[in-house]
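Novice: Let me give you the structure first, and then I'll get to my questions.
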Amino acid sequence: MNKKEILREQATKKNLRDSAPRIFPHRPCPANYRWNVTHPQHGTVSVLGSVQYDVVIAAAKKWHVPWTAIARDCVFEKLERVAADGQT
């Protein structure tokens with residue numbers, strides 16, 4: 001078994017492929033919140049994110065538009081904090 005095969009086997013055992021790598025593992029993960037994002041042309045959508053940057057990207061993906069085109073016109077309303085798996 002070469003090194004690549006060993007790492008692949010270890011990654012499947014630890015479910016490392018399912019989660020994003022932590023660049024700074026000593027820092028705590030930011031909390032996720034549910035947000036309502038409103039845009040004059042696209043309406044309102046509920047998305048999850050920790051900061052407005054993440055939220056506007058998630059809303060743009062739901063509306064199938066580039067986030068740079070809608071970011072200035074969006075209104076953000078921060079709602080409740082959600083668990084790491086997306087459940088309240």
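Naming scheme: A, B, ... for chains in displayed order of the structure tokens; residues 1 onward per chain; ligands 1 onward as shown.
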Give me the residues within 9 Å of A:Arg81 as a list in words, counting only C-alpha atoms and dropping any in the same chain fewer than 5 places off.
Specialist: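 With the cut-off at 9 Å, the set is Ala31, Asn32, Tyr33, Arg34 and Thr88 of chain A.
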Novice: Excluding A:Asp54 and its own-chain neighbours fewer than 6 positions away, which residues fall within 12 Å of it when counting only C-alpha atoms? Please give them as a tab-separated table (two decimals) with N, CA and C atoms, in the first residue's frame.
Specialist:
```tsv
chain	number	residue	atom	x	y	z
A	30	PRO	N	-17.43	29.88	13.71
A	30	PRO	CA	-18.44	30.92	13.92
A	30	PRO	C	-19.83	30.29	13.99
A	32	ASN	N	-23.72	29.70	13.29
A	32	ASN	CA	-24.62	29.86	12.16
A	32	ASN	C	-25.93	30.45	12.65
A	33	TYR	N	-26.50	31.31	11.83
A	33	TYR	CA	-27.79	31.92	12.12
A	33	TYR	C	-28.70	31.75	10.91
A	34	ARG	N	-29.98	31.79	11.15
A	34	ARG	CA	-30.95	31.84	10.06
A	34	ARG	C	-31.18	33.31	9.74
A	35	TRP	N	-31.16	33.66	8.47
A	35	TRP	CA	-31.32	35.03	8.01
A	35	TRP	C	-32.45	35.10	6.99
A	37	VAL	N	-33.27	37.30	3.78
A	37	VAL	CA	-32.64	38.23	2.84
A	37	VAL	C	-33.72	38.70	1.88
A	47	VAL	N	-32.06	31.86	4.51
A	47	VAL	CA	-30.82	31.11	4.31
A	47	VAL	C	-30.06	31.02	5.64
A	48	LEU	N	-29.05	30.14	5.67
A	48	LEU	CA	-28.19	29.98	6.84
A	48	LEU	C	-26.83	30.57	6.55
A	60	ALA	N	-28.02	34.40	-3.36
A	60	ALA	CA	-27.80	34.52	-4.81
A	60	ALA	C	-27.85	33.15	-5.48
A	61	LYS	N	-27.35	32.12	-4.79
A	61	LYS	CA	-27.42	30.77	-5.36
A	61	LYS	C	-28.87	30.30	-5.46
A	67	TRP	N	-23.89	37.04	-7.03
A	67	TRP	CA	-24.06	37.76	-5.76
A	67	TRP	C	-23.61	39.21	-5.87
A	71	ALA	N	-25.86	42.38	-4.08
A	71	ALA	CA	-25.39	42.62	-2.71
A	71	ALA	C	-25.78	43.99	-2.17
A	76	PHE	N	-30.86	42.58	5.12
A	76	PHE	CA	-30.59	41.38	5.90
A	76	PHE	C	-31.27	41.47	7.25
```
Novice: Rounded to one decimal, what separation in Å do you get between atom CA of A:Glu80 and atom CA of A:His42?
Specialist: 22.9 Å
Novice: Counting only C-alpha atoms, what is within 12 Å of A:Val56, bar same-chain residues fewer than 6 positions away, as number ranges by chain?
Specialist: A: 35-39, 44-50, 62-77
Novice: With only C-alpha atoms as the basis for distance, which of A:Leu7, A:Met1, A:Lys78, A:Pro40 is at the shortest distance from A:Val55?
Specialist: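 Using only C-alpha atoms, the shortest distance to A:Val55 belongs to A:Lys78.
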